[in-house]
Each structure stands twice: as C-alpha cells, then as structure tokens.
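Data block below; observations after.
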Amino acid sequence: MSSNVFEGTAARAASPVGAPRPDRDMITILIADDHRVVRQGLRLLIDNEAGLQVVAEAGTVPDAERLVRAHRPAVLVLDLNMPGGSSLDAIPRLRQDAPDTEIVVLTMQDDPAFARKALQGGARGFVLKEAADEELLEAIRLAAAGDTYLNPRLGARMAATPDRPSGPPDDLSQRELEVLRLIALGHTNAEIADQLFLSTRTVETHRAHIQQKISRTSRAELVRYALDHGLLETESGNCGP
C-alpha cells in the first residue's frame with residue numbers, strides 16, 4: 001500500500017448521501033475526520049481492501065455519533081481533533097449507544113495519555129497517522145474481531161511510563177500544569193505566553209491538550225478542576241510533582 005494516504009487524490013467525493021448499501025459479508029466502516037482530503041484518502045485505501053467497505057463519513061463529533069446510530073458500522077475510524085466536542089469524551093457514549101460498533105482511533109496525537117484514555121473509554125485500536133496504511137487496516141480487522149491494536153512505538157512508551165496515581169493528574173505534563181494554573185488564575189493565552197516565554201499558538205495547543213485530557217472545556221470547568229487538584233495552592237513553576 002502507498003503511504004501517501006492523506007495526499008490529494010481523485011477519489012470519489014466524500015459524502016454519506018448515496019453511500020453504497022452494506023454487504024453483509026463485508027466489514028463496514030465509518031470514517032470520522034474533519035479534513036475532507038484525509039477522508040478521501042482513507043476511503044480509497046479501505047475500499048480497495050478486500051472485505052472492507054466504507055458506508056459513511058463524518059466531519060464533526062455530532063455527525064459521527066449520528067451516523068454511527070444510523071448506519072451501525074462494524075468499525076468507526078475516529079480522529080481525536082474534530083469540531084463539535086471532544087472525541088475522547090464521545091467514545092464511551094458511542095460504545096453505549098452502539099455497542100456493536102468498535103472504535104479505532106486514528107490520530108496525530110502520540111501522547112500516551114490520549115491512548116490510555118481512548119482505550120479506557122472503550123476504543124479497540126489506537127493508530128498514529130504517521131504510521132497508517134497497513135497498521136490501520138490491521139487495526140480495523142482486529143477491532144471487528146473483538147481484539148485490540150495499539151501502535152507498537154506508543155505501546156512501548158506507555159509501558160515505560162505507567163499510569164501512576166502519585167503522578168500529575170490525568171497525565172498532565174509539568175508544562176500543561178503550569179498553563180492550567182495560569183488559565184485558572186484568569187490569564188489570557190497571550191499573557192500566559194509572555195509569562196512562560198512561549199508563543200501564543202503553543203499555549204493554545206497546550207490548552208487544547210489539557211481540555212482533551214481532563215474532559216473539560218469551559219474556563220469555569222478548568223478553574224474547578226484546578227481547585228479540586230490543589231493547583232492554585234502552589235507557586236507557579238512548582239504546581240505538580
């Protein structure tokens with residue numbers, strides 16, 4: 001298989017409208033990713049594989065949940081960063097609403113914390129986009145059979161850094177704890193960037209990762225989380241183990 005899955009392609013337009021009727025002998029798949037070119041590449045890859053069939057595509061978290069309920073695919077290939085909410089938070093809901101649909105996460109996020117949370121939430125697979133093609137196809141087949149697939153490199157990192165209750169809450173890094181503390185204290189992204197000698201874009205990225213890891217999005221929720229974990233009781237730069 002070519003490794004250029006995510007490059008532009010002349011694949012047919014991505015749309016759930018007019019999707020082919022599922023074949024009972026096929027493993028049916030729903031692709032959820034907010035980039036159309038990625039969905040097109042994945043559709044071309046999957047539909048060219050014997051025994052696999054894409055039945056629908058989604059570009060947001062709500063659309064993914066709706067289409068899973070409508071199509072009941074055997075496997076949902078789910079990107080972690082999509083509009084409309086947290087994909088990580090959606091995994092348990094999807095498993096509850098459609099227990100026969102297994103979930104394979106396909107993401108650029110190589111942080112073990114995301115893999116842990118996805119698998120704990122009920123995902124069957126965790127594949128990195130940089131390692132896709134054969135890995136993704138293997139993960140889809142294993143998930144459909146009720147088995148689990150984890151990117152080997154990421155699995156090794158998870159084994160080397162086990163989830164310890166005594167460590168930072170929800171696997172937040174030291175930098176993420178610093179950013180969260182400053183958010184809770186009312187600082188803007190620009191102010192945090194100045195204090196920590198980072199770019200505003202880097203702070204925004206840290207904030208997005210924090211929100212994914214702790215499943216909270218509003219400032220009020222972030223403040224409550226910081227209070228609950230004692231992050232406002234310590235000095236900046238020393239807010240975590």
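Within each chain, counting starts at residue 1; across the structure tokens, chains are named A, B, ... in the order shown, with ligands numbered 1 upward in that order.
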Query raised in the report: Per DSSP on the backbone, what are the alpha helix (DSSP H) residues of stretch 27-219 of chain A, as a PyMOL selection string?
Result: chain A and resi 36-47+61-71+87-97+112-121+134-144+152-160+174-184+189-196+200-214+219
Could you pull the residues within 12 Å of A:Gln109, counting only C-alpha atoms, minus those fewer than 3 positions along the same chain, as an mmCIF file with N, CA and C atoms, in the first residue's frame?
```
data_model
loop_
_atom_site.group_PDB
_atom_site.id
_atom_site.type_symbol
_atom_site.label_atom_id
_atom_site.label_comp_id
_atom_site.auth_asym_id
_atom_site.auth_seq_id
_atom_site.Cartn_x
_atom_site.Cartn_y
_atom_site.Cartn_z
ATOM 1 N N ASP A 79 -11.006 10.301 14.346
ATOM 2 C CA ASP A 79 -9.932 11.264 14.617
ATOM 3 C C ASP A 79 -10.208 11.923 15.962
ATOM 4 N N LEU A 80 -9.144 12.280 16.693
ATOM 5 C CA LEU A 80 -9.325 12.865 18.024
ATOM 6 C C LEU A 80 -9.637 14.352 17.984
ATOM 7 N N ASN A 81 -9.189 15.058 16.957
ATOM 8 C CA ASN A 81 -9.365 16.510 16.912
ATOM 9 C C ASN A 81 -10.374 16.883 15.836
ATOM 10 N N LEU A 88 -12.597 12.117 22.564
ATOM 11 C CA LEU A 88 -12.334 11.204 23.681
ATOM 12 C C LEU A 88 -13.581 11.031 24.544
ATOM 13 N N VAL A 105 -9.132 4.604 16.927
ATOM 14 C CA VAL A 105 -8.700 5.995 16.896
ATOM 15 C C VAL A 105 -7.538 6.129 15.914
ATOM 16 N N LEU A 106 -7.645 7.114 15.035
ATOM 17 C CA LEU A 106 -6.571 7.422 14.082
ATOM 18 C C LEU A 106 -6.211 8.880 14.296
ATOM 19 N N PRO A 112 0.963 9.256 25.242
ATOM 20 C CA PRO A 112 0.372 8.050 25.842
ATOM 21 C C PRO A 112 -0.916 8.325 26.609
ATOM 22 N N ALA A 113 -1.068 9.539 27.148
ATOM 23 C CA ALA A 113 -2.274 9.856 27.914
ATOM 24 C C ALA A 113 -3.527 9.740 27.052
ATOM 25 N N PHE A 114 -3.428 10.168 25.793
ATOM 26 C CA PHE A 114 -4.584 10.070 24.903
ATOM 27 C C PHE A 114 -4.910 8.609 24.615
ATOM 28 N N ALA A 115 -3.881 7.802 24.397
ATOM 29 C CA ALA A 115 -4.107 6.382 24.128
ATOM 30 C C ALA A 115 -4.751 5.706 25.334
ATOM 31 N N ARG A 116 -4.242 6.010 26.528
ATOM 32 C CA ARG A 116 -4.819 5.407 27.735
ATOM 33 C C ARG A 116 -6.302 5.750 27.863
ATOM 34 N N ALA A 118 -8.408 6.808 25.572
ATOM 35 C CA ALA A 118 -9.213 6.231 24.492
ATOM 36 C C ALA A 118 -9.502 4.759 24.754
ATOM 37 N N PHE A 126 -5.672 2.116 18.526
ATOM 38 C CA PHE A 126 -5.094 3.453 18.558
ATOM 39 C C PHE A 126 -3.945 3.461 17.562
ATOM 40 N N VAL A 127 -4.153 4.163 16.450
ATOM 41 C CA VAL A 127 -3.192 4.177 15.342
ATOM 42 C C VAL A 127 -2.742 5.605 15.106
ATOM 43 N N LEU A 128 -1.446 5.798 14.905
ATOM 44 C CA LEU A 128 -0.919 7.114 14.588
ATOM 45 C C LEU A 128 -0.979 7.341 13.083
ATOM 46 N N LYS A 129 -1.364 8.537 12.675
ATOM 47 C CA LYS A 129 -1.486 8.832 11.247
ATOM 48 C C LYS A 129 -0.163 8.661 10.521
ATOM 49 N N GLU A 130 0.920 8.960 11.201
ATOM 50 C CA GLU A 130 2.225 8.827 10.558
ATOM 51 C C GLU A 130 2.564 7.377 10.248
ATOM 52 N N ALA A 131 1.884 6.440 10.922
ATOM 53 C CA ALA A 131 2.180 5.021 10.732
ATOM 54 C C ALA A 131 1.073 4.301 9.981
ATOM 55 N N ASN A 151 -0.541 1.092 18.481
ATOM 56 C CA ASN A 151 0.703 1.389 17.786
ATOM 57 C C ASN A 151 1.887 0.925 18.627
ATOM 58 N N LEU A 154 4.044 3.561 20.450
ATOM 59 C CA LEU A 154 3.296 4.204 21.526
ATOM 60 C C LEU A 154 3.081 3.235 22.686
ATOM 61 N N THR A 205 -2.166 25.307 21.907
ATOM 62 C CA THR A 205 -2.023 23.861 21.743
ATOM 63 C C THR A 205 -2.031 23.165 23.095
ATOM 64 N N ALA A 208 -5.557 23.080 24.390
ATOM 65 C CA ALA A 208 -6.376 22.054 23.725
ATOM 66 C C ALA A 208 -6.057 20.672 24.276
ATOM 67 N N HIS A 209 -4.774 20.393 24.517
ATOM 68 C CA HIS A 209 -4.386 19.093 25.074
ATOM 69 C C HIS A 209 -4.924 18.927 26.487
ATOM 70 N N GLN A 212 -8.582 18.104 26.320
ATOM 71 C CA GLN A 212 -8.781 16.722 25.894
ATOM 72 C C GLN A 212 -8.516 15.765 27.047
ATOM 73 N N LYS A 213 -7.427 15.981 27.768
ATOM 74 C CA LYS A 213 -7.014 15.045 28.813
ATOM 75 C C LYS A 213 -7.976 15.035 29.995
#
```
Query raised in the report: Quick one: distance from atom CA of A:Pro169 to atom CA of A:Ala32 in Å, one decimal?
Result: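 The value is 29.0 Å.
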Query - Test item, strand (DSSP E or B) assignment across stretch 24-221 of chain A, answer as a PyMOL selection string - result: chain A and resi 27-32+52-58+75-78+102-107+125-128+149-150
Query raised in the report: Within 8 Å of A:Ser199, counting only C-alpha atoms, which residues qualify if same-chain residues fewer than 5 places away don't, as a ChimeraX atom specification?
Result: /A:190,193-194
How would the residues just chosen look if you wrote them out with N, CA and C atoms as a PDB file, in the first residue's frame?
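Once everything was written out, this is part-v5.pdb:
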```pdb
ATOM      1  N   ALA A 190      -2.336  35.064  25.632  1.00  0.00           N
ATOM      2  CA  ALA A 190      -1.206  35.940  25.344  1.00  0.00           C
ATOM      3  C   ALA A 190      -0.392  36.218  26.611  1.00  0.00           C
ATOM      4  N   ALA A 193       1.572  33.154  27.506  1.00  0.00           N
ATOM      5  CA  ALA A 193       2.718  33.042  26.598  1.00  0.00           C
ATOM      6  C   ALA A 193       3.864  33.922  27.059  1.00  0.00           C
ATOM      7  N   ASP A 194       3.538  35.140  27.478  1.00  0.00           N
ATOM      8  CA  ASP A 194       4.579  36.052  27.955  1.00  0.00           C
ATOM      9  C   ASP A 194       5.244  35.520  29.223  1.00  0.00           C
TER      10      ASP A 194
END
```
Report summary line: With distances taken over only C-alpha atoms, the candidate from A:Leu150, A:Val104, A:Val37, A:Val55 nearest A:Ser87 is A:Val104
Query raised in the report: Which residue gives the smallest distance to A:Ser215 among A:Leu44, A:Ala90, A:Met108, A:Ala143, with only C-alpha atoms counted?
Result: A:Ala90
